[in-house]
Amino acid sequence: MTKKSMYFKMITSALIRRRSGMLVALLAVAIGATILSGLVTVYCDIPNQMRQEFRAYGANFILVSATGETLGRDATEAAVACIPASEIIGIAPYRYETVKINEQPFMAAGTDLAEAKKTSPYWFVSGEWPEEDGSVLIGQEVADVIRLPAGSAFTMTGTNPRGEAFSRDFRVSGIVQTGGTEEAFIFLSLADFAALMGDGGFDVVECSISAPQAELEAIAARVTESAEGVAPRLVTRVTRSEGAVLTKLQALVFLVTAVVLLLTMICVATTMMAVVTERRGEIGLKKALGAPDGSIVAEFLGEGLFLGCMGGILGVMLGFGFAQIIGVNVFGRAVHFQTALAPATVVASILVTGLACLIPVRSATEVDPAVVLRGE
Amino acid sequence: MYLLDLQGVSKIYGSVKALYGIDLTVEKGEWLAIMGPSGSGKTTMMNIIGCMDKPSEGKVLLGGVDISAESARSLTAVRREKIGLIFQQFHLINYLTALENVMVAQYYHSMPDEKEALQALDRVGLSDRAKHLPAQLSGGEQQRVCIARALINYPMLVLADEPTGNLDEANEGIVIDIFRKLHDEGITIIVVTHDPEVAEEAQRTVILEHGRIARIVENRK
Amino acid sequence: MIAFTVALGASLATAMLNVMLDVGDKVNRELKTYGANINVIPKEASLLDDLYGVSEGHGVSDRHLRESELGRLKTIFWAFNIVDFTPYLNAEARMSGLDADVRLVGTWFSHREALPTGETLDTGMRNMKSWWSIEGDWLSDGDADAAMVGALLAERAGLSVGDAVALESAGARRELTIKGIFEAGSAEDERVYVPLSVAQEMTGRPGLVSSVEVSALTTPDNELSRRAAQNPKSLSVKEWETWYCTAYVSAICYQIEEVLTDAVAKPIRQVAESEGTILKKTKLLMLLITILSLAGAALGISNLVTAGVMERSREIGLLKALGAGNAPVSWLILMEILITGAVGGAAGYFAGLGFAQIIGRTVFDAAINIKPMVIPLVAILVFLVILTGCVPSIRLLLSLRPAEVLHGR
C-alpha cells in the first residue's frame, strides 16, 4: 500500500464512517452553495427578466417618416429587419385618418390589433379585443360621445384621401381605457382600414423591444443607415426611466445578494469550524504519534476539498432549482442556466470550506499534543 | 551509554514547580515503572520523556542525543522515530479500523505496510479483529491495538501512561503479559502507573513525591 | 459558536425582512421617474385636443381648472402620497418665422406652492420630466421673457439657445429668449414652454390652467379597485371605506375630483398600470429571495444546533446515569441553547438593522423604514429554528442507553 492510497483511505473513512459530523458539514456547504448559485443566477437573470416586465410601459422605439410623408411598406420592413428578432416584443404600425360617426369627426387608427395588444399591454379593454374584420375598438371618450356600449353596431362615414366617400357598418368589440389620448381613437384592423381608405403607408410604427437604451441607440443607427426615409426615435421617457429604475433594482438585488452571501459564507465557515474543532483530540493524537503539521493539515484539507466539491455540486443543482422557482413564480418564465456559475460555485465552496478547515486545524496543531490528549 | 539520561530536569508551570532537579538514567532493555500519587509530577515527567513537552531546566539525553533544546518540529520527528506511546484512554481514531489505526503510525513514520501491521496485531493476539472499528472492540482489545500501534515502528522506547487504568483485571493481565513478552524481546519500557501490582512487574520502580524522586525500588524477580 | 451563528442568521433575517417590507415604497418612488400617473382635466374636455387639433374650436379650450385650487391636492386623504403635481395651460401661438401655429404651454418649472395647511411644497415640471435632456438651461418660474422649445420645433425653425423669438397668441405679442432646448422623445418636442404666468397673461386667462399632471404613490390595483374605478357607487359601505382608505390610483383620482371644482382625474394607465406590474414583481422577487435565504439560514443554524447537541452526548449520558429524568435533561439543554440564541439573536437584530441601512443608503439614498413588526418575526424565527435544531437530536440522545453513550459507542 502506498502512502497516497493510505491518505485516501484515511480521508474517505473519515467522511464515510463519521456519519453525523460529515452530514452536518456537507449540509452546511450544500446550503451555502445553493444560496450562492441560486442568488447569483437570479442576479444575472434580473436585467433580462425585469426588462421583459418593463415592456408593460409599452413602446420604447418608434419609426416615423423622415420625409414628412408616410412610411412605405418596404422601408418599414427594411427597418424592422434591423431589430434582432429575439428581442422584439411587438411591432404595431399605425395609420391615422379622420372619419365621421353621426356627422361628428373622430380619429380612426388602423393597426395590427394583435401587435398593438403586445406593444400596449396597459390598455384596459372592457369587452373583447376584435378578432374578425368589421369589429373595432373604440376609446372611452368616443364611447362617451356616441354612447355606444360594447357589442353595438354603428356606421362610419367619411371621405378617403382619393376623395371618394364611404359608409360602412362596424361593430364595437370593446372599449379602450388608457387615461391617455388613445381614448379618443377608433381602432380598426389594417385590412378594414385599407378597405375604407385604400392602401397607403404608415404614419408611425410603434415597437416594443426588450433591450437597454444603448442597444436601442445602436438599432436606431442601423435603421437610419439601412432603411431610407425612416426616422427611428427612442421614446426616452420609457428608455431612460427604465434604465434608471433597472439600475436601482439591480443594485438592490446585488447588495441583497452580497449581504446574504457574506452571512451565509460566514455561517458555513462557523459550522465547518465547529465540526473540525470537535476533532481536536484526533489532531492531538496524530501529533503525539509523530505526524508533522503538514500532513495533518493536508488530511483535513483533503476532507474539506471533498466536502466542498460535493456540497458545491449539490448546491449548483439545488441552487438552479431555487432560481427556477423564483423565475417561474415571479416572472412566469424559466431562468437561464449560467454555465460559468457551476464551476465557480464549486470552487467557491471548496475555498470557503478549505479556509474554514484551515483556521481550526492550524490552531489545533499549534497546541501541545499532551494538552489536547489530556484535555478530554 | 544510557538509553535515557535525565540530568537535573525541572519543569515550572507559571509559579507551580511540577518537577525539581530530576536525575535518572535508564539502560537499554530496561523495564522501569514510575509511581506516585496524583500531583506528584508523573504526567509531567512522562510528557518530557515522551518528547511532548520540554523541561524548563536540565538536559534530556535520548540515545545520547540532547533533545531538551530541540524545536517542536524536530521533537515531532523524534517522537515519530524513537518513541511508542500507549495511553490510558487508548486514543484510537474512531473512524478507522484496528488495522488502519496501526497503519496510521506507519503512514506518518514511513510507508504503510498492511502485512507488517497485521503481524503487529497478531503479536497482541488481535489478528481476527483487524477489520473492526474501535467502537466494536472491548477496552482491553482497544488497548492492545494501541500497543500494536506503539510497536509498529520498532521504537527505541515504549512509553505507557497508565496502560491498565481503564481495564478490568483480566485485561490487565493480558496487557502485562504482552509487556513481559516485549521485555523478553529486549524492548525498553517505561510504565507510568499508580497501581503497585503493575509497578511490581518492572525491574525498578521510581517513586515520585512532590516533583522529586523520593526513592527507587529494585523489584526482585 | 451557536450564538455567533444565530446572530448571523438573525441579522440576515432582520436585514432581509426590513428591506423586503420597505422595498415597495422605495421602488414606487423610483418609478416616479416615469412621470405623472394621474391626469386632471376639466369636465367634458377631450384628451385629444393637443394631438391632431380635431376638437379645437368646439368648446374645449374654454374649459379650465383654477390655479388657486391646486394647493388643495395636498389636503386629500392620501395627501402624503402625492409626490408632485404640475399644471399646464395650453394655447395655440404663432411663432415668428413659421407659417403653422405652434403649441404654447405654460407651466410651473420649479414652483414653491404655499399649501392651505401652512406648509410649502416644491413641485413642478423639472421634478416630473426626469428623462428630458436639456441643451441650455431649465426655465425658472420668474423668467418672464424666456422660453424652452422642443428639439424638433427648434430644428424646424432653425433656433438655437440664446436666440430671440416672437410669439403671438390671442392678439398678444411677446419677445422671448430661448433659454433651453429639450428633447423629450415625444409630442412635446414640437412645443414651446413658458412659465405659467406668462402664458396666462398672453392668452388672457389669468388664474386658469388646462390640465394638471399628478404624480402619486399608489397601491397596485386589485379586483376591488377595478370595480370602484368603474363605479364607486357599486361598492358596499364597508368596501367603499376600504377602497377610499387604500392608495389605489382610482381612490386618489376620486379624492382629487372631490377637492377640485369641475375636474375629472384620470389614471394614466401606461404609468399607473405598469407601475403596479413592476411593483408586484419586485415585491414578489424580494419576498421569494427573502423566504429562500431565510430557509437557508434556518437550515444552517438548526444544522449547527444539532451538531452542538450531538457533541454533548457524553454529558447527557452522564446526567441520565446520575438518574436525571428525560424532561429535566431536555429542559436544561434547551434552555441553555435558547438563552445563547436569545443573546445572539439580539446582537444579530442590531447588526441586521445596520445591513438594511447600508442597502437602503447605497441603493435608494434613503433610510429603510424600521418596522417594529420585524422584531417578533425574528424572535419567532430564531426560536423555531433552535427548536427544530434541538428537539430531534435531544430525543435521539435520550433514546440511547446511558451506558452506551458513556462508553462512546
# chains A, B, ... in the order shown; residues from 1 in each chain; ligands from 1
>>> interface_residues(of="chain A", to="chain B", cutoff="9 Å", atoms="only C-alpha atoms", output="PDB file with N, CA and C atoms, in the first residue's frame")
ATOM      1  N   MET A   1       0.856  -1.207   0.000  1.00  0.00           N
ATOM      2  CA  MET A   1       0.000   0.000   0.000  1.00  0.00           C
ATOM      3  C   MET A   1       0.883   1.244   0.000  1.00  0.00           C
ATOM      4  N   THR A   2       0.565   2.158  -0.895  1.00  0.00           N
ATOM      5  CA  THR A   2       1.400   3.357  -0.953  1.00  0.00           C
ATOM      6  C   THR A   2       0.909   4.384   0.053  1.00  0.00           C
ATOM      7  N   LYS A   3       1.737   5.411   0.210  1.00  0.00           N
ATOM      8  CA  LYS A   3       1.365   6.491   1.122  1.00  0.00           C
ATOM      9  C   LYS A   3       0.116   7.193   0.642  1.00  0.00           C
ATOM     10  N   MET A   6      -3.061   5.240   1.322  1.00  0.00           N
ATOM     11  CA  MET A   6      -3.397   5.323   2.747  1.00  0.00           C
ATOM     12  C   MET A   6      -4.047   6.675   3.047  1.00  0.00           C
ATOM     13  N   TYR A   7      -3.506   7.727   2.413  1.00  0.00           N
ATOM     14  CA  TYR A   7      -4.057   9.073   2.585  1.00  0.00           C
ATOM     15  C   TYR A   7      -5.527   9.094   2.190  1.00  0.00           C
ATOM     16  N   LYS A   9      -7.477   6.547   1.911  1.00  0.00           N
ATOM     17  CA  LYS A   9      -8.232   5.657   2.796  1.00  0.00           C
ATOM     18  C   LYS A   9      -8.642   6.420   4.062  1.00  0.00           C
ATOM     19  N   MET A  10      -7.686   7.191   4.593  1.00  0.00           N
ATOM     20  CA  MET A  10      -7.991   7.936   5.813  1.00  0.00           C
ATOM     21  C   MET A  10      -9.078   8.967   5.567  1.00  0.00           C
ATOM     22  N   SER A  13     -12.463   7.218   4.859  1.00  0.00           N
ATOM     23  CA  SER A  13     -13.018   6.657   6.085  1.00  0.00           C
ATOM     24  C   SER A  13     -13.567   7.760   6.968  1.00  0.00           C
ATOM     25  N   ALA A  14     -12.833   8.854   7.057  1.00  0.00           N
ATOM     26  CA  ALA A  14     -13.289   9.958   7.901  1.00  0.00           C
ATOM     27  C   ALA A  14     -14.637  10.456   7.404  1.00  0.00           C
ATOM     28  N   LEU A  15     -14.769  10.499   6.079  1.00  0.00           N
ATOM     29  CA  LEU A  15     -16.016  11.031   5.526  1.00  0.00           C
ATOM     30  C   LEU A  15     -17.163  10.039   5.663  1.00  0.00           C
ATOM     31  N   ILE A  16     -16.860   8.771   5.378  1.00  0.00           N
ATOM     32  CA  ILE A  16     -17.948   7.793   5.328  1.00  0.00           C
ATOM     33  C   ILE A  16     -18.345   7.322   6.717  1.00  0.00           C
ATOM     34  N   ARG A  17     -17.365   7.093   7.567  1.00  0.00           N
ATOM     35  CA  ARG A  17     -17.710   6.464   8.846  1.00  0.00           C
ATOM     36  C   ARG A  17     -18.122   7.461   9.917  1.00  0.00           C
ATOM     37  N   ARG A  18     -17.730   8.737   9.751  1.00  0.00           N
ATOM     38  CA  ARG A  18     -18.182   9.713  10.751  1.00  0.00           C
ATOM     39  C   ARG A  18     -19.470  10.328  10.253  1.00  0.00           C
ATOM     40  N   GLY A 281      -9.059  16.372  19.552  1.00  0.00           N
ATOM     41  CA  GLY A 281      -8.436  15.199  20.177  1.00  0.00           C
ATOM     42  C   GLY A 281      -7.685  14.375  19.156  1.00  0.00           C
ATOM     43  N   GLU A 282      -8.321  14.184  18.032  1.00  0.00           N
ATOM     44  CA  GLU A 282      -7.720  13.398  16.971  1.00  0.00           C
ATOM     45  C   GLU A 282      -6.439  14.059  16.463  1.00  0.00           C
ATOM     46  N   LEU A 285      -3.726  13.480  18.973  1.00  0.00           N
ATOM     47  CA  LEU A 285      -3.235  12.105  18.898  1.00  0.00           C
ATOM     48  C   LEU A 285      -2.274  11.940  17.727  1.00  0.00           C
ATOM     49  N   LYS A 286      -2.687  12.464  16.586  1.00  0.00           N
ATOM     50  CA  LYS A 286      -1.829  12.322  15.408  1.00  0.00           C
ATOM     51  C   LYS A 286      -0.483  12.996  15.651  1.00  0.00           C
ATOM     52  N   LYS A 287      -0.537  14.151  16.328  1.00  0.00           N
ATOM     53  CA  LYS A 287       0.721  14.818  16.636  1.00  0.00           C
ATOM     54  C   LYS A 287       1.567  13.960  17.575  1.00  0.00           C
ATOM     55  N   ALA A 288       0.899  13.355  18.566  1.00  0.00           N
ATOM     56  CA  ALA A 288       1.629  12.521  19.511  1.00  0.00           C
ATOM     57  C   ALA A 288       2.268  11.343  18.799  1.00  0.00           C
ATOM     58  N   LEU A 289       1.580  10.844  17.772  1.00  0.00           N
ATOM     59  CA  LEU A 289       2.138   9.728  17.006  1.00  0.00           C
ATOM     60  C   LEU A 289       3.269  10.191  16.106  1.00  0.00           C
ATOM     61  N   GLY A 290       3.511  11.491  16.108  1.00  0.00           N
ATOM     62  CA  GLY A 290       4.642  11.984  15.339  1.00  0.00           C
ATOM     63  C   GLY A 290       4.292  12.491  13.958  1.00  0.00           C
ATOM     64  N   ALA A 291       3.012  12.841  13.751  1.00  0.00           N
ATOM     65  CA  ALA A 291       2.640  13.363  12.440  1.00  0.00           C
ATOM     66  C   ALA A 291       3.114  14.785  12.312  1.00  0.00           C
ATOM     67  N   PRO A 292       3.800  15.132  11.214  1.00  0.00           N
ATOM     68  CA  PRO A 292       4.178  16.528  11.020  1.00  0.00           C
ATOM     69  C   PRO A 292       2.928  17.370  10.767  1.00  0.00           C
ATOM     70  N   ASP A 293       2.967  18.659  11.167  1.00  0.00           N
ATOM     71  CA  ASP A 293       1.803  19.537  10.986  1.00  0.00           C
ATOM     72  C   ASP A 293       1.295  19.505   9.554  1.00  0.00           C
ATOM     73  N   SER A 295       1.206  17.131   7.350  1.00  0.00           N
ATOM     74  CA  SER A 295       0.322  16.007   6.972  1.00  0.00           C
ATOM     75  C   SER A 295      -1.055  16.189   7.566  1.00  0.00           C
ATOM     76  N   ASP A 368       0.162  21.947  22.230  1.00  0.00           N
ATOM     77  CA  ASP A 368       0.922  20.749  22.578  1.00  0.00           C
ATOM     78  C   ASP A 368       0.022  19.533  22.533  1.00  0.00           C
ATOM     79  N   PRO A 369       0.478  18.471  21.930  1.00  0.00           N
ATOM     80  CA  PRO A 369      -0.359  17.275  21.870  1.00  0.00           C
ATOM     81  C   PRO A 369      -0.743  16.789  23.264  1.00  0.00           C
ATOM     82  N   ALA A 370       0.189  16.937  24.217  1.00  0.00           N
ATOM     83  CA  ALA A 370      -0.087  16.454  25.569  1.00  0.00           C
ATOM     84  C   ALA A 370      -1.311  17.138  26.146  1.00  0.00           C
ATOM     85  N   LEU A 373      -4.487  15.853  24.398  1.00  0.00           N
ATOM     86  CA  LEU A 373      -4.829  14.481  24.780  1.00  0.00           C
ATOM     87  C   LEU A 373      -5.361  14.417  26.206  1.00  0.00           C
TER      88      LEU A 373
END
>>> residues_around(residues="A:Gly229", least_positions_apart="6", cutoff="12 Å", atoms="only C-alpha atoms", output="list in words")
Leu63, Val64, Ser65, Ala66, Thr67, Gly68, Glu69, Thr70, Leu71, Gly72, Arg73, Asp74, Ala75, Thr76, Ala78, Ala79, Gly201 and Val223 of chain A
>>> closest_atom_pairs(of="chain C", to="chain A", cutoff="8 Å", atoms="only C-alpha atoms", output="CSV")
residue,atom,partner,partner_atom,distance
C:Met1,CA,A:Thr270,CA,6.8
C:Thr5,CA,A:Cys267,CA,5.8
C:Leu8,CA,A:Leu263,CA,6.0
C:Gly9,CA,A:Leu263,CA,7.4
C:Leu12,CA,A:Val260,CA,6.5
C:Met16,CA,A:Val256,CA,7.5
C:Val27,CA,A:Leu249,CA,7.8
C:Glu30,CA,A:Val245,CA,6.0
C:Leu31,CA,A:Val245,CA,6.5
C:Thr33,CA,A:Ser241,CA,5.6
C:Tyr34,CA,A:Ser241,CA,5.7
C:Ile38,CA,A:Gly179,CA,8.0
C:Asn39,CA,A:Gly179,CA,7.4
C:Ser46,CA,A:Glu141,CA,7.4
C:Leu47,CA,A:Thr181,CA,5.4
C:Leu48,CA,A:Thr181,CA,5.2
C:Leu51,CA,A:Thr181,CA,7.7
C:Val54,CA,A:Pro105,CA,7.4
C:Lys129,CA,A:Arg237,CA,7.9
C:Ser130,CA,A:Ser241,CA,7.8
C:Trp131,CA,A:Arg237,CA,5.3
C:Trp132,CA,A:Arg237,CA,7.4
C:Ala184,CA,A:Thr236,CA,6.3
C:Gly185,CA,A:Val235,CA,4.9
C:Ser186,CA,A:Val235,CA,6.5
C:Lys266,CA,A:Gly179,CA,5.4
C:Pro267,CA,A:Gly179,CA,5.4
C:Ile268,CA,A:Gly179,CA,4.3
C:Arg269,CA,A:Thr178,CA,4.8
C:Gln270,CA,A:Tyr122,CA,5.4
C:Val271,CA,A:Tyr57,CA,6.7
C:Glu273,CA,A:Tyr122,CA,5.9
C:Ser274,CA,A:Ala56,CA,5.2
C:Thr277,CA,A:Ala56,CA,7.4
C:Ile278,CA,A:Glu53,CA,6.6
C:Lys281,CA,A:Val330,CA,5.9
C:Leu284,CA,A:Val330,CA,6.0
C:Leu285,CA,A:Val330,CA,5.9
C:Leu288,CA,A:Ile326,CA,6.4
C:Ile289,CA,A:Ile326,CA,7.6
C:Leu292,CA,A:Phe322,CA,7.8
C:Ser293,CA,A:Ile35,CA,6.7
C:Gly296,CA,A:Ile31,CA,5.9
C:Ala297,CA,A:Thr264,CA,6.8
C:Leu299,CA,A:Ile31,CA,7.7
C:Gly300,CA,A:Ala28,CA,5.7
C:Ile301,CA,A:Cys267,CA,7.8
C:Asn303,CA,A:Val24,CA,6.1
C:Leu304,CA,A:Thr271,CA,5.9
C:Ala307,CA,A:Val24,CA,6.7
C:Glu311,CA,A:Glu278,CA,7.7
C:Phe355,CA,A:Val259,CA,7.4
C:Ile359,CA,A:Leu255,CA,6.2
C:Val363,CA,A:Leu252,CA,5.7
C:Phe364,CA,A:Lys248,CA,7.2
>>> atom_distance(atom1="atom CA of B:Pro163", atom2="atom CA of B:Asp23")
24.4 Å
>>> residues_around(residues="stretch 219-231 of chain C", least_positions_apart="3", cutoff="10 Å", atoms="only C-alpha atoms", output="PyMOL selection string")
chain C and resi 24-25+28+216+234-235+239-240+242-244+246-251+253-254+266-267+272-280
>>> closest_residue(among="B:Gln136, B:Ile176, B:Leu151, B:Gly165", to="chain C", atoms="only C-alpha atoms")
B:Gln136
>>> select_by_dssp(residues="stretch 51-163 of chain C", states="alpha helix (DSSP H)", output="compact mmCIF listing (two decimals) with N, CA and C atoms, in the first residue's frame")
# COMPACT_ATOMS: atom_id res chain seq x y z
N MET C 125 -42.47 70.92 -13.16
CA MET C 125 -42.19 70.00 -14.24
C MET C 125 -40.79 69.41 -14.17
N ARG C 126 -39.87 70.19 -13.60
CA ARG C 126 -38.49 69.71 -13.52
C ARG C 126 -38.39 68.39 -12.80
N ASN C 127 -39.20 68.26 -11.74
CA ASN C 127 -39.20 67.01 -10.98
C ASN C 127 -39.82 65.88 -11.77
N MET C 128 -40.77 66.24 -12.62
CA MET C 128 -41.61 65.20 -13.22
C MET C 128 -41.12 64.72 -14.57
N ALA C 151 -36.93 70.03 -29.27
CA ALA C 151 -35.84 69.84 -30.22
C ALA C 151 -36.34 69.84 -31.67
N LEU C 152 -37.49 69.17 -31.92
CA LEU C 152 -37.97 69.07 -33.30
C LEU C 152 -38.38 70.44 -33.83
N LEU C 153 -39.07 71.18 -32.94
CA LEU C 153 -39.52 72.51 -33.34
C LEU C 153 -38.30 73.41 -33.58
N ALA C 154 -37.32 73.32 -32.69
CA ALA C 154 -36.13 74.15 -32.81
C ALA C 154 -35.42 73.86 -34.13
N GLU C 155 -35.41 72.59 -34.49
CA GLU C 155 -34.74 72.21 -35.72
C GLU C 155 -35.49 72.79 -36.93
N ARG C 156 -36.83 72.63 -36.85
CA ARG C 156 -37.67 73.10 -37.96
C ARG C 156 -37.53 74.61 -38.14
N ALA C 157 -37.50 75.33 -37.01
CA ALA C 157 -37.47 76.78 -37.10
C ALA C 157 -36.04 77.32 -37.11
>>> select_by_dssp(residues="stretch 21-217 of chain B", states="strand (DSSP E or B)", output="PyMOL selection string")
chain B and resi 21-26+31-35+57-62+65-66+83-86+157-161+188-192+204-209+212-217
>>> interface_residues(of="chain B", to="chain C", cutoff="10 Å", atoms="only C-alpha atoms", output="PyMOL selection string")
chain B and resi 94+134-139
>>> write_last_selection(atoms="C-alpha atoms", output="mmCIF file, in the first residue's frame")
data_model
loop_
_atom_site.group_PDB
_atom_site.id
_atom_site.type_symbol
_atom_site.label_atom_id
_atom_site.label_comp_id
_atom_site.auth_asym_id
_atom_site.auth_seq_id
_atom_site.Cartn_x
_atom_site.Cartn_y
_atom_site.Cartn_z
ATOM 1 C CA ASN B 94 -12.701 6.099 15.861
ATOM 2 C CA PRO B 134 -12.710 0.842 17.817
ATOM 3 C CA ALA B 135 -16.345 1.123 18.896
ATOM 4 C CA GLN B 136 -16.741 -2.596 18.181
ATOM 5 C CA LEU B 137 -13.795 -3.577 20.362
ATOM 6 C CA SER B 138 -13.699 -4.039 24.139
ATOM 7 C CA GLY B 139 -11.478 -1.789 26.245
#
>>> residues_around(residues="C:Thr117", least_positions_apart="5", cutoff="10 Å", atoms="only C-alpha atoms", output="VMD selection string")
chain C and resid 71 to 72 74 to 75
>>> write_last_selection(atoms="N, CA and C atoms", output="PDB file, in the first residue's frame")
ATOM      1  N   GLY C  71     -53.472  73.868  -4.567  1.00  0.00           N
ATOM      2  CA  GLY C  71     -52.914  73.538  -3.259  1.00  0.00           C
ATOM      3  C   GLY C  71     -53.766  72.516  -2.531  1.00  0.00           C
ATOM      4  N   ARG C  72     -55.040  72.455  -2.881  1.00  0.00           N
ATOM      5  CA  ARG C  72     -55.943  71.520  -2.212  1.00  0.00           C
ATOM      6  C   ARG C  72     -55.575  70.067  -2.472  1.00  0.00           C
ATOM      7  N   LYS C  74     -52.991  68.731  -1.861  1.00  0.00           N
ATOM      8  CA  LYS C  74     -52.238  68.210  -0.723  1.00  0.00           C
ATOM      9  C   LYS C  74     -53.096  68.153   0.540  1.00  0.00           C
ATOM     10  N   THR C  75     -54.420  68.288   0.383  1.00  0.00           N
ATOM     11  CA  THR C  75     -55.288  68.187   1.554  1.00  0.00           C
ATOM     12  C   THR C  75     -56.147  66.927   1.501  1.00  0.00           C
TER      13      THR C  75
END
>>> residues_around(residues="A:Ala221", least_positions_apart="6", cutoff="12 Å", atoms="only C-alpha atoms", output="list in words")
Ala79, Cys82, Ile83, Ala214, Glu215, Ala227, Glu228, Val230, Ala231, Pro232, Arg233 and Leu234 of chain A
>>> closest_residue(among="C:Glu241, C:Ile386, C:Thr362, C:Asn369", to="C:Ser302", atoms="only C-alpha atoms")
C:Ile386
>>> atom_distance(atom1="atom CA of B:Val217", atom2="atom CA of B:Ser40")
16.9 Å
>>> residues_around(residues="B:Val124", least_positions_apart="3", cutoff="7 Å", atoms="only C-alpha atoms", output="PyMOL selection string")
chain B and resi 120-121+144+148+178
>>> write_last_selection(atoms="N, CA and C atoms", output="PDB file, in the first residue's frame")
ATOM      1  N   ALA B 120       1.770  -7.127  13.573  1.00  0.00           N
ATOM      2  CA  ALA B 120       1.789  -6.425  14.857  1.00  0.00           C
ATOM      3  C   ALA B 120       0.531  -6.742  15.652  1.00  0.00           C
ATOM      4  N   LEU B 121      -0.616  -6.777  14.941  1.00  0.00           N
ATOM      5  CA  LEU B 121      -1.871  -7.111  15.612  1.00  0.00           C
ATOM      6  C   LEU B 121      -1.828  -8.562  16.102  1.00  0.00           C
ATOM      7  N   ARG B 144      -4.916  -3.139  23.298  1.00  0.00           N
ATOM      8  CA  ARG B 144      -3.948  -3.974  22.577  1.00  0.00           C
ATOM      9  C   ARG B 144      -3.661  -3.399  21.185  1.00  0.00           C
ATOM     10  N   ALA B 148      -0.075  -2.365  19.745  1.00  0.00           N
ATOM     11  CA  ALA B 148       0.411  -2.747  18.407  1.00  0.00           C
ATOM     12  C   ALA B 148       0.868  -1.509  17.644  1.00  0.00           C
ATOM     13  N   ILE B 178       1.754  -9.083  27.712  1.00  0.00           N
ATOM     14  CA  ILE B 178       2.368  -8.557  26.479  1.00  0.00           C
ATOM     15  C   ILE B 178       3.647  -7.787  26.827  1.00  0.00           C
TER      16      ILE B 178
END
>>> residues_around(residues="C:Val161", least_positions_apart="4", cutoff="8 Å", atoms="only C-alpha atoms", output="short mmCIF file (atom, residue, chain, number, x, y, z; two decimals) with C-alpha atoms, in the first residue's frame")
data_model
loop_
_atom_site.label_atom_id
_atom_site.label_comp_id
_atom_site.auth_asym_id
_atom_site.auth_seq_id
_atom_site.Cartn_x
_atom_site.Cartn_y
_atom_site.Cartn_z
CA GLU C 135 -29.44 71.82 -24.02
CA GLY C 136 -29.04 75.14 -22.26
CA ILE C 178 -34.70 80.73 -25.84
CA LYS C 179 -33.09 79.56 -22.64
CA GLY C 180 -33.14 75.84 -23.32
CA ILE C 181 -33.87 73.27 -26.00
#
>>> atom_distance(atom1="atom CA of C:Ala147", atom2="atom CA of C:Arg112")
19.5 Å
